[in-house]
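Asker: This is the structure I have questions about; it appears just below.
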Amino acid sequence: MAAVGFLSVAIVFGITATTLPFVYSAVMAEFGWSLTEATLLFTYKNFASAAAALFLLGPVLQRFGLRWLMVGSFVSTGLGFAAFLIVDSLPSYYLAGIVLGFGGAAATIGTNVFVSRWFYRNQGFAVGLTLTGISVGGMVFPVLTVALIESIGWRGAMAGLSSLIWLVALPIYLWRAKEEPTMSDLGAEAYGTYTARDRACVVTRTAPADTGRSLGPLWRTPAFWTIAAALFIAAAADAAIFQHTPMLLAAAGIDSKTIAFCLSTMFAFGIVGKIAAGRLYDAWSVNGMAVWNVLLAVSIALALLVAETAALVVFTAVRGLAHGGLIPKPAVLATHCYGTVLMSTVMPVLMGVWLLGAGVGPVVLAILVDATGRYHEGALVLVAVSLVAAVLLSRTRGRA
């Protein structure tokens with residue numbers, strides 16, 4: 001089942017995560033839009049994702065089940081990319097982003113829940129390993145996107161990439177996915193060398209009652225708001241530097257093919273980052289996540305030095321590690337801080353907070369760049385907020 005989740009995120013989320021940064025320059029050149037107007041696409045996409053995560057996807061998951069949620073993610077993402085064919089103004093451009101946002105949120109939450117149902121003790125590692133699909137997709141799609149844009153234009157490139165969703169990801173998921181594991185399916189995860197208490201936790205987690213708990217008491221705890229604040233600002237910093245990386249490198253005089261290669265290499269390092277972070281989170285819980293936020297701050301600081309070849313190589317490696325390791329964080333935080341029983345209830349909320357932060361970060365950085373004419377000041381702000389997120393997480397207690 002992890003392989004099914006891997007393929008889903010590699011195509012559905014991988015295309016969405018890696019191709020949009022190459023659209024911004026194209027639409028700015030065609031329509032004369034500002035950097036802020038171009039990157040607002042990502043903000044609208046993530047705000048739609050956050051709204052879906054906070055208010056829609058939890059009830060859909062509880063009422064209709066995981067299969068409906070995952071199929072909806074494939075359909076919405078495919079339609080969102082096809083919608084770029086008819087973009088002729090800012091409203092139609094942002095509308096395509098909103099449709100993509102619903103699909104992206106459903107794919108992220110659905111895949112996290114899907115994989116988490118199959119693992120207990122090694123959940124962080126399993127989620128991290130599955131989400132390496134994003135990194136594998138990221139190794140392929142930047143180079144493919146640049147080639148397609150140069151040959152058939154940015155509209156055709158986006159619509160063409162959506163065919164992978166319709167022809168590969170959706171059919172394989174419908175054919176192979178099993179959303180509700182039995183105790184025999186869980187195998188060693190349920191029995192193995194685990195104690196009676198561990199087996200009881202697995203039984204509780206797989207029971208239908210795990211979707212019925214209320215979030216009401218959690219909203220009133222300082223710990224919840226500390227976690228939410230840390231997720232929000234970490235996501236803002238990470239998404240801001242990621243969405244602007246092609247333009248930041250172009251401003252340093254780097255050509256488009258080298259930029260695409262750098263992004264592909266970042267995602268290759270992201271595979272290592274996801275697996276290493278998953279192991280670190282399993283071992284150190286929330287403290288491990290705080291450490292990873294420090295790595296995020298370091299990776300952003302290195303962006304200021306990319307004009308030198310050696311610095312570009314180091315930035316590519318560290319940035320890939322940092323970004324890759326952040327991806328599993330909302331799902332693992334939900335389990336480590338609130339337990340497996342509340343997983344289906346808490347995780348969509350934390351993912352919604354993450355998506356809100358990711359939506360705000362790129363446009364705030366764009367505003368700073370439009371105002372100052374360079375990335376230096378904005379990058380320093382992102383370094384500072386990443387360290388603030390690390391401090392907030394270090395003050396939060398997990399289960400470990």
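Simple scheme: letters A, B, ... for chains in structure tokens order, numbers from 1 for residues in each chain, numbers from 1 for ligands in the order shown.
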Set the distance at 7 Å and use only C-alpha atoms: which residues neighbour Asn46 of chain A once local chain neighbours fewer than 5 positions away are removed? I'd like the list as an MDAnalysis selection string.

Answerer: chainID A and resid 101 355:356 358:359

Asker: If you take only C-alpha atoms and a cut-off of 10 Å, which residues of segment 330-385 of chain A touch segment 269-293 of chain A, and what are their nearest atom pairs and distances in Å to one decimal, in chain and number order, as a Markdown table?

Answerer:
```
| residue | atom | partner | partner_atom | distance |
| --- | --- | --- | --- | --- |
| A:Val332 | CA | A:Tyr281 | CA | 7.6 |
| A:Leu333 | CA | A:Val286 | CA | 7.1 |
| A:Thr335 | CA | A:Ser285 | CA | 9.9 |
| A:His336 | CA | A:Ser285 | CA | 6.7 |
| A:Cys337 | CA | A:Val286 | CA | 8.2 |
| A:Val383 | CA | A:Asn293 | CA | 9.7 |
| A:Val385 | CA | A:Asn293 | CA | 9.6 |
```

Asker: Next, the residues of the selection above should be written as a PDB file, in the first residue's frame with C-alpha atoms.

Answerer:
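And here is the file that came out, out-v3.pdb:
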```pdb
ATOM      1  CA  VAL A 332       3.554  13.060  12.484  1.00  0.00           C
ATOM      2  CA  LEU A 333       2.794  15.989  14.811  1.00  0.00           C
ATOM      3  CA  THR A 335       0.030  11.485  16.049  1.00  0.00           C
ATOM      4  CA  HIS A 336       2.902  12.369  18.384  1.00  0.00           C
ATOM      5  CA  CYS A 337       1.020  15.130  20.195  1.00  0.00           C
ATOM      6  CA  VAL A 383      15.720  32.802   8.263  1.00  0.00           C
ATOM      7  CA  VAL A 385      10.940  33.116  11.264  1.00  0.00           C
TER       8      VAL A 385
END
```

Asker: Determine, counting only C-alpha atoms, which protein, DNA and RNA residues have an atom within 7 Å of an atom of segment 65-76 of chain A; residues of the same chain fewer than 2 positions away are not included. Present the result as a ChimeraX atom specification.

Answerer: /A:12,60-63,78-80,99-100,102-104,106-107,110,165,170,179

Asker: Write the residues of the selection above to a file with C-alpha atoms, as a compact mmCIF listing (two decimals), in the first residue's frame.

Answerer:
```txt
# COMPACT_ATOMS: atom_id res chain seq x y z
CA VAL A 12 -0.56 14.15 -8.32
CA VAL A 60 -15.90 14.01 3.60
CA LEU A 61 -13.42 11.51 5.01
CA GLN A 62 -15.73 10.61 7.89
CA ARG A 63 -18.95 10.45 5.86
CA GLY A 78 -6.38 16.97 -13.39
CA LEU A 79 -9.07 19.57 -14.06
CA GLY A 80 -6.96 22.32 -12.48
CA VAL A 99 -9.20 24.03 -8.39
CA LEU A 100 -5.64 22.74 -7.97
CA PHE A 102 -8.75 21.37 -3.57
CA GLY A 103 -7.00 18.49 -5.31
CA GLY A 104 -3.70 19.09 -3.56
CA ALA A 106 -7.23 16.00 -0.70
CA ALA A 107 -4.15 14.21 -2.07
CA GLY A 110 -5.69 11.32 1.93
CA ILE A 165 -3.03 11.80 -13.63
CA LEU A 170 -6.07 7.31 -11.05
CA GLU A 179 -8.05 1.78 2.36
```

Asker: List the spatial neighbours of Val381 of chain A as a list in words - criterion: any atom at most 12 Å away, only C-alpha atoms, same-chain residues fewer than 4 positions off excluded.

Answerer: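 Answer for this query is Ile233, Ala234, Ala236, Ala237, Asp238, Ala240, Ile241, Ala297, Ile300, Ala301, Gly361, Val364, Leu365, Leu368, Val369, Tyr375, His376, Glu377, Val385, Ser386, Leu387 and Val388 of chain A.
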
Asker: Print the selection's residues with N, CA and C atoms to a file, as an mmCIF file, in the first residue's frame.

Answerer:
```cif
data_model
loop_
_atom_site.group_PDB
_atom_site.id
_atom_site.type_symbol
_atom_site.label_atom_id
_atom_site.label_comp_id
_atom_site.auth_asym_id
_atom_site.auth_seq_id
_atom_site.Cartn_x
_atom_site.Cartn_y
_atom_site.Cartn_z
ATOM 1 N N ILE A 233 4.369 29.326 10.416
ATOM 2 C CA ILE A 233 5.512 30.129 9.986
ATOM 3 C C ILE A 233 6.592 29.272 9.326
ATOM 4 N N ALA A 234 6.709 27.998 9.737
ATOM 5 C CA ALA A 234 7.663 27.118 9.053
ATOM 6 C C ALA A 234 7.219 26.868 7.619
ATOM 7 N N ALA A 236 5.339 28.853 5.834
ATOM 8 C CA ALA A 236 5.482 30.114 5.096
ATOM 9 C C ALA A 236 6.913 30.294 4.607
ATOM 10 N N ALA A 237 7.872 30.041 5.472
ATOM 11 C CA ALA A 237 9.278 30.205 5.090
ATOM 12 C C ALA A 237 9.687 29.208 4.019
ATOM 13 N N ASP A 238 9.310 27.945 4.210
ATOM 14 C CA ASP A 238 9.702 26.906 3.263
ATOM 15 C C ASP A 238 9.075 27.132 1.889
ATOM 16 N N ALA A 240 7.893 29.913 0.642
ATOM 17 C CA ALA A 240 8.360 31.158 0.036
ATOM 18 C C ALA A 240 9.656 30.941 -0.729
ATOM 19 N N ILE A 241 10.628 30.303 -0.093
ATOM 20 C CA ILE A 241 11.916 30.121 -0.764
ATOM 21 C C ILE A 241 11.786 29.111 -1.898
ATOM 22 N N ALA A 297 16.354 27.051 8.291
ATOM 23 C CA ALA A 297 16.939 28.395 8.359
ATOM 24 C C ALA A 297 18.298 28.434 7.658
ATOM 25 N N ILE A 300 17.913 28.425 3.818
ATOM 26 C CA ILE A 300 17.482 29.716 3.274
ATOM 27 C C ILE A 300 18.636 30.709 3.265
ATOM 28 N N ALA A 301 19.442 30.716 4.327
ATOM 29 C CA ALA A 301 20.592 31.614 4.381
ATOM 30 C C ALA A 301 21.558 31.342 3.231
ATOM 31 N N GLY A 361 3.409 32.707 2.598
ATOM 32 C CA GLY A 361 4.846 32.940 2.457
ATOM 33 C C GLY A 361 5.295 33.454 1.103
ATOM 34 N N VAL A 364 4.149 37.126 0.341
ATOM 35 C CA VAL A 364 4.831 38.098 1.200
ATOM 36 C C VAL A 364 6.250 38.338 0.701
ATOM 37 N N LEU A 365 6.947 37.269 0.329
ATOM 38 C CA LEU A 365 8.289 37.436 -0.227
ATOM 39 C C LEU A 365 8.246 38.212 -1.538
ATOM 40 N N LEU A 368 7.965 41.887 -0.813
ATOM 41 C CA LEU A 368 9.258 42.419 -0.377
ATOM 42 C C LEU A 368 10.207 42.602 -1.562
ATOM 43 N N VAL A 369 10.202 41.650 -2.484
ATOM 44 C CA VAL A 369 11.081 41.755 -3.655
ATOM 45 C C VAL A 369 10.629 42.886 -4.567
ATOM 46 N N TYR A 375 16.295 39.960 -3.373
ATOM 47 C CA TYR A 375 15.831 38.927 -2.450
ATOM 48 C C TYR A 375 16.500 38.984 -1.079
ATOM 49 N N HIS A 376 17.498 39.802 -0.895
ATOM 50 C CA HIS A 376 18.320 39.758 0.305
ATOM 51 C C HIS A 376 17.500 39.956 1.579
ATOM 52 N N GLU A 377 16.754 41.037 1.654
ATOM 53 C CA GLU A 377 15.990 41.335 2.873
ATOM 54 C C GLU A 377 14.943 40.263 3.156
ATOM 55 N N VAL A 385 12.191 33.779 10.880
ATOM 56 C CA VAL A 385 10.940 33.116 11.264
ATOM 57 C C VAL A 385 11.129 31.592 11.354
ATOM 58 N N SER A 386 12.052 31.044 10.569
ATOM 59 C CA SER A 386 12.337 29.607 10.684
ATOM 60 C C SER A 386 12.895 29.274 12.061
ATOM 61 N N LEU A 387 13.758 30.136 12.567
ATOM 62 C CA LEU A 387 14.320 29.916 13.904
ATOM 63 C C LEU A 387 13.260 30.097 14.985
ATOM 64 N N VAL A 388 12.339 31.021 14.777
ATOM 65 C CA VAL A 388 11.226 31.184 15.720
ATOM 66 C C VAL A 388 10.395 29.900 15.771
#
```

Asker: Name the closest residue to Ala38 of chain A among the candidates A:Ile327, A:Val23, A:Val346, A:Leu321; distances are taken between atoms, counting only C-alpha atoms.

Answerer: A:Val23

Asker: DSSP on the backbone, then: every residue of segment 248-349 of chain A marked alpha helix (DSSP H), written as a ChimeraX atom specification.

Answerer: /A:248-251,256-284,286-302,309-326,329-338,343-349
